[in-house]
file model-v1.txt (compact mmCIF, C-alpha atoms)
# COMPACT_ATOMS: atom_id res chain seq x y z
CA MET K 1 26.07 -12.89 -15.62
CA LEU K 2 22.67 -12.35 -14.01
CA LEU K 3 21.99 -13.94 -10.64
CA GLY K 4 21.24 -17.65 -10.92
CA HIS K 5 21.35 -17.81 -14.72
CA THR K 6 23.52 -20.81 -15.52
CA ARG K 7 23.53 -23.43 -18.24
CA ASP K 8 23.01 -26.23 -15.73
CA ALA K 9 19.88 -28.12 -16.85
CA ARG K 10 19.35 -29.37 -13.28
CA TRP K 11 19.56 -26.05 -11.41
CA PRO K 12 17.82 -24.28 -9.75
CA ALA K 13 15.27 -26.93 -10.73
CA PRO K 14 15.15 -29.47 -13.55
CA ALA K 15 14.73 -27.87 -16.97
CA ALA K 16 11.62 -29.96 -17.67
CA ALA K 17 9.95 -28.78 -14.45
CA LEU K 18 10.76 -25.15 -15.24
CA GLU K 19 9.33 -25.55 -18.73
CA GLN K 20 6.11 -27.07 -17.39
CA ALA K 21 5.73 -24.15 -14.96
CA ARG K 22 6.30 -21.68 -17.82
CA GLU K 23 3.58 -23.44 -19.84
CA PHE K 24 1.23 -22.97 -16.88
CA LEU K 25 1.98 -19.23 -16.81
CA VAL K 26 1.54 -18.85 -20.58
CA ALA K 27 -1.87 -20.53 -20.25
CA CYS K 28 -2.87 -17.78 -17.80
CA ARG K 29 -3.11 -15.18 -20.57
CA ASP K 30 -6.41 -13.27 -20.32
CA ARG K 31 -7.20 -14.96 -16.99
CA HIS K 32 -7.67 -13.47 -13.54
CA VAL K 33 -4.79 -14.98 -11.56
CA LEU K 34 -4.42 -14.74 -7.78
CA VAL K 35 -0.81 -14.55 -6.64
CA ALA K 36 -0.48 -15.66 -3.00
CA PRO K 37 3.03 -15.19 -1.58
CA ARG K 38 4.36 -15.82 1.91
CA THR K 39 4.71 -12.51 3.74
CA ASP K 40 8.45 -12.66 4.46
CA VAL K 41 10.89 -10.83 2.17
CA ASP K 42 11.60 -13.91 0.06
CA GLY K 43 7.89 -14.43 -0.49
CA LEU K 44 7.04 -10.80 -1.21
CA THR K 45 9.84 -10.37 -3.74
CA SER K 46 8.71 -13.61 -5.39
CA GLY K 47 5.22 -12.14 -5.54
CA VAL K 48 6.37 -8.96 -7.26
CA LEU K 49 8.40 -10.95 -9.80
CA MET K 50 5.39 -13.15 -10.55
CA LEU K 51 3.04 -10.16 -10.90
CA ARG K 52 5.41 -8.52 -13.39
CA ALA K 53 5.69 -11.71 -15.45
CA LEU K 54 1.94 -12.36 -15.54
CA GLN K 55 1.27 -8.76 -16.54
CA SER K 56 3.73 -9.08 -19.42
CA LEU K 57 1.95 -12.26 -20.54
CA GLY K 58 -1.40 -10.47 -20.71
CA ALA K 59 -2.91 -12.04 -17.59
CA ARG K 60 -4.84 -10.07 -14.98
CA PRO K 61 -2.96 -10.83 -11.76
CA THR K 62 -3.95 -9.73 -8.26
CA ALA K 63 -1.89 -10.25 -5.12
CA ARG K 64 -3.57 -11.76 -2.08
CA LEU K 65 -1.56 -11.97 1.16
CA PRO K 66 -2.30 -14.26 4.10
CA GLY K 67 -3.16 -12.40 7.29
CA LYS K 68 -1.39 -12.47 10.63
CA GLY K 69 -0.86 -16.08 11.66
CA GLU K 70 -2.27 -17.46 8.38
CA ASP K 71 -0.80 -19.61 5.62
CA ILE K 72 -2.13 -20.95 2.35
CA HIS K 73 -4.12 -23.70 4.12
CA HIS K 74 -5.73 -21.43 6.72
CA PRO K 75 -9.55 -21.65 6.32
CA ALA K 76 -10.09 -17.87 6.54
CA PHE K 77 -7.48 -17.19 3.87
CA LEU K 78 -8.86 -19.87 1.55
CA GLU K 79 -12.34 -18.42 2.03
CA ARG K 80 -11.09 -14.98 0.95
CA LEU K 81 -9.36 -16.48 -2.09
CA ALA K 82 -12.46 -18.41 -3.12
CA ALA K 83 -14.57 -15.24 -2.87
CA SER K 84 -12.61 -13.73 -5.78
CA SER K 85 -13.41 -14.48 -9.39
CA VAL K 86 -10.26 -16.57 -9.59
CA GLU K 87 -9.34 -18.47 -12.76
CA ALA K 88 -5.83 -19.57 -11.69
CA LEU K 89 -3.78 -19.53 -8.50
CA VAL K 90 -0.03 -19.15 -7.96
CA VAL K 91 1.30 -19.90 -4.46
CA LEU K 92 4.80 -18.74 -3.56
CA ALA K 93 7.14 -19.77 -0.73
CA MET K 94 4.46 -21.38 1.45
CA GLY K 95 5.28 -25.04 0.93
CA THR K 96 2.77 -27.80 0.29
CA ARG K 97 0.68 -30.44 1.92
CA ALA K 98 -1.93 -32.80 0.57
CA ASP K 99 -4.99 -30.79 1.64
CA PRO K 100 -6.93 -29.22 -1.27
CA LEU K 101 -6.73 -25.48 -1.89
CA LEU K 102 -9.29 -24.22 -4.42
CA PRO K 103 -10.84 -27.30 -6.09
CA GLY K 104 -11.16 -26.89 -9.83
CA VAL K 105 -8.82 -23.88 -10.00
CA PRO K 106 -5.53 -24.48 -11.88
CA THR K 107 -2.77 -24.03 -9.31
CA LEU K 108 0.99 -23.60 -9.49
CA ILE K 109 3.05 -23.86 -6.30
CA VAL K 110 6.58 -22.43 -6.39
CA GLY K 111 8.86 -22.80 -3.43
CA PRO K 112 10.95 -25.02 -1.23
CA PRO K 113 8.67 -27.95 -0.28
CA ALA K 114 10.71 -30.90 0.92
CA SER K 115 8.02 -33.56 0.64
CA ASP K 116 6.00 -35.14 -2.14
CA ASP K 117 2.72 -33.97 -0.61
CA ALA K 118 0.79 -31.53 -2.78
CA PRO K 119 -2.82 -30.42 -3.12
CA PRO K 120 -4.77 -32.55 -5.63
CA GLY K 121 -4.19 -31.35 -9.19
CA ALA K 122 -1.62 -28.69 -8.29
CA ARG K 123 1.61 -28.31 -10.23
CA VAL K 124 4.68 -27.91 -8.02
CA LEU K 125 8.02 -26.34 -8.88
CA THR K 126 10.61 -26.81 -6.16
CA ALA K 127 14.33 -26.24 -5.77
CA HIS K 128 14.53 -28.92 -3.07
CA GLY K 129 17.21 -31.50 -3.75
CA HIS K 130 19.10 -29.35 -6.25
CA GLU K 131 22.15 -27.97 -4.49
CA PRO K 132 22.69 -25.20 -3.66
CA VAL K 133 18.97 -24.95 -2.87
CA ALA K 134 17.73 -21.64 -4.27
CA SER K 135 15.44 -19.23 -2.45
CA THR K 136 11.90 -18.98 -3.78
CA SER K 137 12.63 -15.51 -5.13
CA LEU K 138 15.62 -16.79 -7.10
CA LEU K 139 13.64 -19.76 -8.41
CA THR K 140 10.82 -17.41 -9.41
CA TYR K 141 13.31 -15.05 -11.08
CA VAL K 142 14.77 -17.84 -13.23
CA LEU K 143 11.27 -19.13 -14.00
CA THR K 144 9.92 -15.76 -15.13
CA SER K 145 12.98 -14.35 -16.89
CA SER K 146 11.65 -15.67 -20.21
CA PHE K 147 8.70 -13.27 -19.98
CA VAL K 148 10.31 -10.01 -18.79
CA VAL K 149 13.50 -8.05 -19.29
CA PRO K 150 15.34 -9.70 -16.38
CA GLY K 151 18.12 -7.19 -15.69
CA PRO K 152 15.98 -4.45 -14.09
CA LEU K 153 14.30 -7.04 -11.82
CA GLU K 154 17.46 -8.78 -10.62
CA TRP K 155 17.53 -6.71 -7.42
CA LEU K 156 14.29 -8.35 -6.29
CA ALA K 157 15.86 -11.81 -6.50
CA VAL K 158 18.95 -10.50 -4.70
CA LEU K 159 16.79 -9.00 -1.96
CA GLY K 160 14.79 -12.18 -1.42
CA THR K 161 17.85 -14.43 -1.54
CA VAL K 162 19.82 -12.36 0.97
CA ALA K 163 16.79 -12.24 3.28
CA ALA K 164 16.31 -16.01 3.11
CA LEU K 165 19.87 -17.33 2.87
CA GLY K 166 22.24 -14.50 3.73
CA ALA K 167 24.62 -12.37 1.69
CA ASP K 168 27.21 -15.14 1.50
CA ALA K 169 24.87 -17.83 0.18
CA PRO K 170 26.58 -19.98 -2.51
CA MET K 171 24.25 -18.90 -5.31
CA PRO K 172 25.80 -18.51 -8.77
CA PHE K 173 26.76 -14.88 -9.44
CA LEU K 174 25.29 -13.59 -6.16
CA LYS K 175 28.45 -11.63 -5.33
CA ASP K 176 28.30 -9.62 -8.57
CA ALA K 177 24.52 -9.20 -8.36
CA LEU K 178 24.82 -7.94 -4.79
CA ARG K 179 27.37 -5.38 -5.91
CA ARG K 180 25.06 -4.17 -8.70
CA ALA K 181 22.13 -3.90 -6.28
CA LYS K 182 24.33 -2.15 -3.66
CA ARG K 183 24.93 -4.35 -0.64
CA THR K 184 24.21 -1.65 1.95
CA ALA K 185 20.89 -0.82 0.33
CA ILE K 186 19.96 -4.51 0.22
CA THR K 187 20.66 -5.14 3.90
CA GLU K 188 18.81 -1.98 4.96
CA SER K 189 15.82 -2.91 2.79
CA VAL K 190 15.72 -6.43 4.22
CA ALA K 191 15.58 -5.01 7.75
CA LEU K 192 12.77 -2.58 6.91
CA LEU K 193 10.66 -5.10 5.01
CA ASN K 194 11.08 -7.80 7.65
CA ALA K 195 9.91 -5.35 10.32
CA ALA K 196 6.60 -4.86 8.49
CA ARG K 197 5.65 -8.51 9.01
CA ARG K 198 6.93 -8.61 12.59
CA SER K 199 5.18 -5.44 13.71
CA SER K 200 1.98 -5.73 15.74
CA ARG K 201 0.21 -3.84 12.96
CA PHE K 202 1.21 -6.60 10.48
CA ALA K 203 2.12 -4.25 7.65
CA ALA K 204 3.04 -6.92 5.07
CA PRO K 205 0.61 -5.43 2.49
CA LEU K 206 2.39 -2.09 2.85
CA ALA K 207 5.76 -3.80 2.40
CA MET K 208 4.55 -5.30 -0.87
CA GLN K 209 3.30 -1.91 -2.06
CA VAL K 210 6.73 -0.44 -1.30
CA LEU K 211 8.36 -3.21 -3.35
CA LEU K 212 5.98 -2.59 -6.25
CA ARG K 213 6.76 1.15 -6.23
CA ALA K 214 10.55 0.80 -5.96
CA GLY K 215 12.90 0.58 -8.91
CA GLY K 216 15.75 -0.75 -6.76
CA ALA K 217 16.79 -1.41 -3.20
CA ALA K 218 18.22 2.11 -2.89
CA ASP K 219 14.72 3.54 -3.37
CA ILE K 220 13.66 1.71 -0.22
CA ALA K 221 16.80 2.23 1.84
CA GLU K 222 16.84 5.95 1.11
CA GLY K 223 13.09 6.46 1.52
CA ARG K 224 12.42 7.55 -2.06
CA VAL K 225 9.05 5.78 -2.34
CA PRO K 226 5.88 6.26 -0.26
CA GLY K 227 5.50 3.91 2.68
CA VAL K 228 9.11 3.71 3.84
CA ASP K 229 8.51 6.01 6.82
CA ALA K 230 5.84 3.60 8.06
CA LEU K 231 8.28 0.71 7.65
CA ARG K 232 10.78 2.61 9.78
CA ASP K 233 8.13 3.01 12.47
CA CYS K 234 7.58 -0.75 12.33
CA ARG K 235 11.28 -1.36 12.82
CA LEU K 236 11.40 0.92 15.86
CA GLU K 237 8.43 -0.88 17.39
CA VAL K 238 10.02 -4.29 16.81
CA GLN K 239 13.33 -3.14 18.27
CA ARG K 240 11.57 -1.88 21.40
CA GLU K 241 9.60 -5.11 21.79
CA VAL K 242 12.69 -7.28 21.35
CA ALA K 243 14.55 -5.28 24.00
CA ARG K 244 11.59 -5.48 26.38
CA CYS K 245 10.85 -9.19 25.96
CA ALA K 246 14.52 -10.18 26.01
CA ARG K 247 14.62 -8.96 29.64
CA THR K 248 12.39 -11.89 30.58
CA PRO K 249 14.23 -14.13 33.07
CA PRO K 250 14.58 -17.69 31.74
CA ARG K 251 13.17 -20.77 33.49
CA PHE K 252 15.36 -23.88 33.41
CA ALA K 253 14.72 -27.60 33.15
CA GLY K 254 17.99 -29.43 32.72
CA HIS K 255 19.66 -28.23 29.53
CA GLN K 256 16.49 -26.48 28.40
CA ALA K 257 15.63 -22.83 28.94
CA LEU K 258 12.16 -21.30 28.57
CA LEU K 259 11.48 -17.62 27.92
CA LEU K 260 7.80 -16.87 28.38
CA PHE K 261 6.52 -13.40 27.44
CA SER K 262 3.60 -11.59 25.79
CA SER K 263 3.83 -9.30 22.77
CA GLU K 264 1.53 -8.58 19.85
CA ALA K 265 4.64 -8.29 17.67
CA ARG K 266 6.29 -11.32 16.07
CA VAL K 267 9.47 -11.13 18.13
CA HIS K 268 9.83 -14.64 19.53
CA SER K 269 12.47 -15.69 16.98
CA LEU K 270 14.49 -12.49 17.56
CA VAL K 271 14.35 -12.94 21.34
CA ALA K 272 15.51 -16.53 20.91
CA MET K 273 18.44 -15.41 18.77
CA ARG K 274 19.57 -13.05 21.53
CA TRP K 275 19.39 -15.65 24.25
CA VAL K 276 20.93 -18.54 22.33
CA GLN K 277 24.21 -16.60 22.37
CA ARG K 278 24.00 -16.27 26.17
CA LEU K 279 23.03 -19.90 26.78
CA PRO K 280 24.91 -21.85 24.09
CA GLU K 281 24.65 -25.15 25.97
CA HIS K 282 20.87 -25.05 26.21
CA THR K 283 17.94 -25.80 23.96
CA LEU K 284 16.11 -22.49 24.04
CA ILE K 285 12.32 -22.11 23.81
CA ALA K 286 11.03 -18.54 23.31
CA ALA K 287 7.24 -18.53 23.73
CA ASN K 288 4.98 -15.57 22.97
CA THR K 289 1.51 -15.67 24.53
CA GLY K 290 0.37 -12.39 22.99
CA TYR K 291 0.95 -12.73 19.25
CA LEU K 292 -2.35 -14.42 18.35
CA PRO K 293 -5.50 -14.71 20.49
CA GLY K 294 -5.90 -18.18 21.95
CA ARG K 295 -2.45 -19.38 20.85
CA VAL K 296 1.07 -19.64 22.19
CA ASP K 297 3.54 -19.08 19.36
CA PHE K 298 7.03 -20.34 20.02
CA VAL K 299 10.42 -20.94 18.48
CA ILE K 300 13.03 -23.48 19.53
CA ARG K 301 16.70 -22.89 18.86
CA GLY K 302 19.86 -24.76 19.68
CA ARG K 303 23.37 -25.37 18.54
CA ALA K 304 24.09 -27.52 15.50
CA GLN K 305 24.30 -31.23 16.38
CA MET K 306 22.03 -30.76 19.40
CA GLU K 307 19.45 -33.52 19.64
CA LEU K 308 15.79 -32.65 20.02
CA PRO K 309 14.24 -33.65 23.36
CA GLU K 310 11.77 -36.52 22.92
CA PRO K 311 8.52 -34.50 23.46
CA LEU K 312 9.52 -32.08 20.68
CA ARG K 313 10.18 -34.63 17.97
CA GLY K 314 6.54 -34.92 16.99
CA LEU K 315 6.48 -31.19 16.15
CA VAL K 316 8.97 -31.48 13.29
CA PRO K 317 9.27 -33.79 10.25
CA ALA K 318 12.50 -35.36 11.44
CA ALA K 319 13.29 -38.88 12.53
CA PRO K 320 13.97 -39.41 16.24
CA GLY K 321 17.59 -38.71 17.04
CA ASP K 322 18.10 -36.25 14.18
CA ALA K 323 20.03 -33.12 15.10
CA PHE K 324 18.72 -29.65 14.42
CA ALA K 325 20.58 -26.45 13.62
CA ARG K 326 17.91 -23.94 12.67
CA ALA K 327 14.87 -22.58 14.41
CA ILE K 328 11.82 -24.79 14.81
CA ARG K 329 8.54 -22.89 15.01
CA GLY K 330 5.19 -23.89 16.42
CA SER K 331 1.82 -22.58 17.54
CA LEU K 332 -0.38 -24.34 20.09
CA PRO K 333 -3.47 -23.60 22.18
CA PRO K 334 -2.43 -22.66 25.72
CA GLY K 335 -3.51 -25.97 27.25
CA GLU K 336 -1.49 -28.01 24.76
CA PHE K 337 1.51 -25.77 25.23
CA LEU K 338 1.35 -26.22 29.02
CA ARG K 339 1.22 -30.00 28.61
CA LEU K 340 4.24 -29.87 26.28
CA MET K 341 6.21 -27.78 28.76
CA ASP K 342 5.30 -30.15 31.58
CA ALA K 343 6.58 -33.07 29.50
CA LEU K 344 9.83 -31.16 29.02
CA GLY K 345 10.24 -30.75 32.75
CA PHE K 346 8.98 -27.21 33.31
CA ARG K 347 6.84 -27.91 36.37
CA GLY K 348 4.38 -25.60 38.02
CA LEU K 349 3.25 -23.54 35.00
CA SER K 350 -0.41 -22.56 35.08
CA SER K 351 -2.97 -21.00 32.76
CA ARG K 352 -2.03 -17.61 34.17
CA ASP K 353 1.48 -18.01 32.78
CA VAL K 354 0.14 -18.25 29.22
CA GLU K 355 -2.41 -15.44 29.38
CA ARG K 356 -2.34 -12.76 26.71
CA ARG K 357 -1.06 -9.74 28.61
CA GLY K 358 -0.22 -6.11 27.97
CA VAL K 359 3.21 -4.55 27.98
CA ALA K 360 4.84 -6.35 30.92
CA PRO K 361 7.19 -9.14 29.90
CA GLY K 362 6.65 -12.59 31.33
call {"tool": "encode", "arguments": {"input": "model-v1.txt", "output": "structure tokens"}}
result
Amino acid sequence: MLLGHTRDARWPAPAAALEQAREFLVACRDRHVLVAPRTDVDGLTSGVLMLRALQSLGARPTARLPGKGEDIHHPAFLERLAASSVEALVVLAMGTRADPLLPGVPTLIVGPPASDDAPPGARVLTAHGHEPVASTSLLTYVLTSSFVVPGPLEWLAVLGTVAALGADAPMPFLKDALRRAKRTAITESVALLNAARRSSRFAAPLAMQVLLRAGGAADIAEGRVPGVDALRDCRLEVQREVARCARTPPRFAGHQALLLFSSEARVHSLVAMRWVQRLPEHTLIAANTGYLPGRVDFVIRGRAQMELPEPLRGLVPAAPGDAFARAIRGSLPPGEFLRLMDALGFRGLSSRDVERRGVAPG
């Protein structure tokens, strides 16, 4: 059986919701459709699957990727979308909130939003609440399989699912699909494609071009399509930056540890993953002052069942006292970040500590 193709009318989303989303796509025939995916592997593979389906339906789809530090609600990204002669919009893996996107443009949002908030007039297809919760790429694969020959595209859903949920995720038929796609090729491809987004050059558009050129994960892992050499360069850069920034000595405030460094690469989550193994009893904050101008981008990690400190609870949609097990990400202006750290007990930090610097770790 193909990955995720079951006879369960409630999975990966209710049958009625899937049918409504398919009706939206059918109505896109002969229209110029912008496909806007998140730039991680799950989002990019969803984007390729959606482009293939819209092409088969006779639409005229174009991919538009958010830039470094952007999402679907970022004003600069919305301005670029609005500048196109767009007749429909499909948003993938970027969640939802109530703010409008492109008023008057029919919009379909596919992904994992966990709230009822949605832009006015947008149609939303979500796997949230339907266990096991599917990745956006798997949800997109099931949604679009009516419009394409699904077998040759299964590897894209495998790639996105493994990147988002891991190779042992409890998705129906993942084990067999992973074998067909070649597990080693999948894991190597995930590493290369992830590095594109994390690199200081922000090579997510190149990663999507590589996915569009490839006929399978082995084409990427073995470098059989143009662009893979550049992805390998991205991976080397990210590895070097992680090693450099992970040498940053931590600052402590009770059971909290702060790693403060500067890198133009998106390495704060990887640095946090390294240190959380060394300091398992601490809530770890890895803060990068160099990723975006005028911002401090940070990730917070801790063990499962660890309670969030009070000043951090307003940063996440969780009730006070809820435990957290996965990374929490944020981005603040330097002044706000310094006030947050002071509230957490990290005394004596100054504006110099959050300056955007060159190669020296914090």
call {"tool": "residues_around", "arguments": {"input": "model-v1.txt", "residues": "K:Ala83", "least_positions_apart": "6", "cutoff": "12 Å", "atoms": "all atoms listed in the file", "output": "ChimeraX atom specification"}}
result
/K:34,64,76-77,102
call {"tool": "write_last_selection", "arguments": {"input": "model-v1.txt", "atoms": "C-alpha atoms", "output": "PDB file, in the frame of the given file"}}
result
ATOM      1  CA  LEU K  34      -4.420 -14.740  -7.780  1.00  0.00           C
ATOM      2  CA  ARG K  64      -3.570 -11.760  -2.080  1.00  0.00           C
ATOM      3  CA  ALA K  76     -10.090 -17.870   6.540  1.00  0.00           C
ATOM      4  CA  PHE K  77      -7.480 -17.190   3.870  1.00  0.00           C
ATOM      5  CA  LEU K 102      -9.290 -24.220  -4.420  1.00  0.00           C
TER       6      LEU K 102
END
call {"tool": "residues_around", "arguments": {"input": "model-v1.txt", "residues": "K:Leu49", "least_positions_apart": "5", "cutoff": "12 Å", "atoms": "only C-alpha atoms", "output": "PyMOL selection string"}}
result
chain K and resi 35+37+42-44+54-56+61+63+90+92+136-160+208+211-212
call {"tool": "atom_distance", "arguments": {"input": "model-v1.txt", "atom1": "atom CA of K:Thr45", "atom2": "atom CA of K:Thr161"}}
result
9.2 Å
call {"tool": "atom_distance", "arguments": {"input": "model-v1.txt", "atom1": "atom CA of K:Val133", "atom2": "atom CA of K:Gln20"}}
result
19.5 Å
call {"tool": "closest_atom_pairs", "arguments": {"input": "model-v1.txt", "of": "stretch 110-228 of chain K", "to": "stretch 256-280 of chain K", "cutoff": "10 Å", "atoms": "all atoms listed in the file", "output": "JSON lines"}}
result
{"residue": "K:Ala195", "atom": "CA", "partner": "K:Arg266", "partner_atom": "CA", "distance": 9.0}
{"residue": "K:Ala196", "atom": "CA", "partner": "K:Arg266", "partner_atom": "CA", "distance": 10.0}
{"residue": "K:Arg197", "atom": "CA", "partner": "K:Arg266", "partner_atom": "CA", "distance": 7.6}
{"residue": "K:Arg198", "atom": "CA", "partner": "K:Arg266", "partner_atom": "CA", "distance": 4.5}
{"residue": "K:Ser199", "atom": "CA", "partner": "K:Ala265", "partner_atom": "CA", "distance": 4.9}
{"residue": "K:Ser200", "atom": "CA", "partner": "K:Ala265", "partner_atom": "CA", "distance": 4.2}
{"residue": "K:Arg201", "atom": "CA", "partner": "K:Ala265", "partner_atom": "CA", "distance": 7.8}
{"residue": "K:Phe202", "atom": "CA", "partner": "K:Ala265", "partner_atom": "CA", "distance": 8.1}
call {"tool": "write_last_selection", "arguments": {"input": "model-v1.txt", "atoms": "C-alpha atoms", "output": "PDB file, in the coordinates of the input"}}
result
ATOM      1  CA  ALA K 195       9.910  -5.350  10.320  1.00  0.00           C
ATOM      2  CA  ALA K 196       6.600  -4.860   8.490  1.00  0.00           C
ATOM      3  CA  ARG K 197       5.650  -8.510   9.010  1.00  0.00           C
ATOM      4  CA  ARG K 198       6.930  -8.610  12.590  1.00  0.00           C
ATOM      5  CA  SER K 199       5.180  -5.440  13.710  1.00  0.00           C
ATOM      6  CA  SER K 200       1.980  -5.730  15.740  1.00  0.00           C
ATOM      7  CA  ARG K 201       0.210  -3.840  12.960  1.00  0.00           C
ATOM      8  CA  PHE K 202       1.210  -6.600  10.480  1.00  0.00           C
TER       9      PHE K 202
END
call {"tool": "residues_around", "arguments": {"input": "model-v1.txt", "residues": "K:Ile186", "least_positions_apart": "4", "cutoff": "7 Å", "atoms": "all atoms listed in the file", "output": "VMD selection string"}}
result
chain K and resid 159 181 to 182 190 217
call {"tool": "atom_distance", "arguments": {"input": "model-v1.txt", "atom1": "atom CA of K:Arg183", "atom2": "atom CA of K:Thr126"}}
result
27.2 Å
call {"tool": "residues_near_point", "arguments": {"input": "model-v1.txt", "point": "(8.0, -27.7, 36.5)", "cutoff": "12 Å", "atoms": "all atoms listed in the file", "output": "list in words"}}
result
Arg251, Phe252, Ala253, Gly254, Gln256, Ala257, Leu258, Leu338, Arg339, Leu340, Met341, Asp342, Ala343, Leu344, Gly345, Phe346, Arg347, Gly348, Leu349 and Ser350 of chain K
call {"tool": "closest_residue", "arguments": {"input": "model-v1.txt", "among": "K:Lys68, K:Ile220, K:His73, K:Thr107", "to": "K:Val86", "atoms": "all atoms listed in the file"}}
result
K:Thr107
call {"tool": "residues_near_point", "arguments": {"input": "model-v1.txt", "point": "(-0.8, -10.1, 22.3)", "cutoff": "7 Å", "atoms": "only C-alpha atoms", "output": "PyMOL selection string"}}
result
chain K and resi 262-264+289-293+356-358
call {"tool": "decode", "arguments": {"input": "model-v1.txt", "residues": "stretch 292-298 of chain K", "atoms": "all heavy atoms", "output": "JSON list (two decimals), in the first residue's frame"}}
result
[["chain", "number", "residue", "atom", "x", "y", "z"],
["K", 292, "LEU", "N", 19.30, 37.58, 11.93],
["K", 292, "LEU", "CA", 18.56, 38.64, 11.23],
["K", 292, "LEU", "C", 18.95, 39.99, 11.81],
["K", 292, "LEU", "O", 19.09, 40.13, 13.03],
["K", 292, "LEU", "CB", 17.05, 38.44, 11.39],
["K", 292, "LEU", "CG", 16.42, 37.23, 10.72],
["K", 292, "LEU", "CD1", 14.96, 37.11, 11.13],
["K", 292, "LEU", "CD2", 16.56, 37.30, 9.21],
["K", 293, "PRO", "N", 19.12, 41.00, 10.98],
["K", 293, "PRO", "CA", 19.45, 42.34, 11.50],
["K", 293, "PRO", "C", 18.36, 42.84, 12.44],
["K", 293, "PRO", "O", 17.16, 42.72, 12.15],
["K", 293, "PRO", "CB", 19.52, 43.20, 10.23],
["K", 293, "PRO", "CG", 19.76, 42.24, 9.11],
["K", 293, "PRO", "CD", 19.06, 40.97, 9.50],
["K", 294, "GLY", "N", 18.77, 43.37, 13.58],
["K", 294, "GLY", "CA", 17.82, 43.97, 14.51],
["K", 294, "GLY", "C", 16.96, 42.98, 15.25],
["K", 294, "GLY", "O", 15.93, 43.37, 15.83],
["K", 295, "ARG", "N", 17.34, 41.70, 15.29],
["K", 295, "ARG", "CA", 16.56, 40.68, 15.99],
["K", 295, "ARG", "C", 17.50, 39.76, 16.77],
["K", 295, "ARG", "O", 18.67, 39.59, 16.40],
["K", 295, "ARG", "CB", 15.74, 39.83, 15.02],
["K", 295, "ARG", "CG", 14.90, 40.55, 14.04],
["K", 295, "ARG", "CD", 13.71, 41.24, 14.66],
["K", 295, "ARG", "NE", 12.74, 40.33, 15.23],
["K", 295, "ARG", "CZ", 11.56, 40.72, 15.75],
["K", 295, "ARG", "NH1", 11.25, 42.00, 15.76],
["K", 295, "ARG", "NH2", 10.72, 39.84, 16.26],
["K", 296, "VAL", "N", 16.97, 39.17, 17.80],
["K", 296, "VAL", "CA", 17.63, 38.05, 18.47],
["K", 296, "VAL", "C", 16.71, 36.84, 18.29],
["K", 296, "VAL", "O", 15.57, 36.83, 18.77],
["K", 296, "VAL", "CB", 17.86, 38.32, 19.97],
["K", 296, "VAL", "CG1", 18.52, 37.10, 20.62],
["K", 296, "VAL", "CG2", 18.72, 39.55, 20.17],
["K", 297, "ASP", "N", 17.18, 35.86, 17.55],
["K", 297, "ASP", "CA", 16.41, 34.64, 17.30],
["K", 297, "ASP", "C", 16.86, 33.58, 18.29],
["K", 297, "ASP", "O", 18.06, 33.36, 18.47],
["K", 297, "ASP", "CB", 16.62, 34.18, 15.86],
["K", 297, "ASP", "CG", 16.01, 35.16, 14.87],
["K", 297, "ASP", "OD1", 16.71, 36.11, 14.48],
["K", 297, "ASP", "OD2", 14.84, 34.99, 14.53],
["K", 298, "PHE", "N", 15.92, 32.91, 18.92],
["K", 298, "PHE", "CA", 16.29, 31.99, 19.97],
["K", 298, "PHE", "C", 15.40, 30.75, 19.95],
["K", 298, "PHE", "O", 14.31, 30.74, 19.36],
["K", 298, "PHE", "CB", 16.21, 32.67, 21.35],
["K", 298, "PHE", "CG", 14.84, 33.19, 21.70],
["K", 298, "PHE", "CD1", 13.95, 32.42, 22.43],
["K", 298, "PHE", "CD2", 14.45, 34.47, 21.32],
["K", 298, "PHE", "CE1", 12.69, 32.90, 22.76],
["K", 298, "PHE", "CE2", 13.20, 34.96, 21.65],
["K", 298, "PHE", "CZ", 12.31, 34.18, 22.38]]
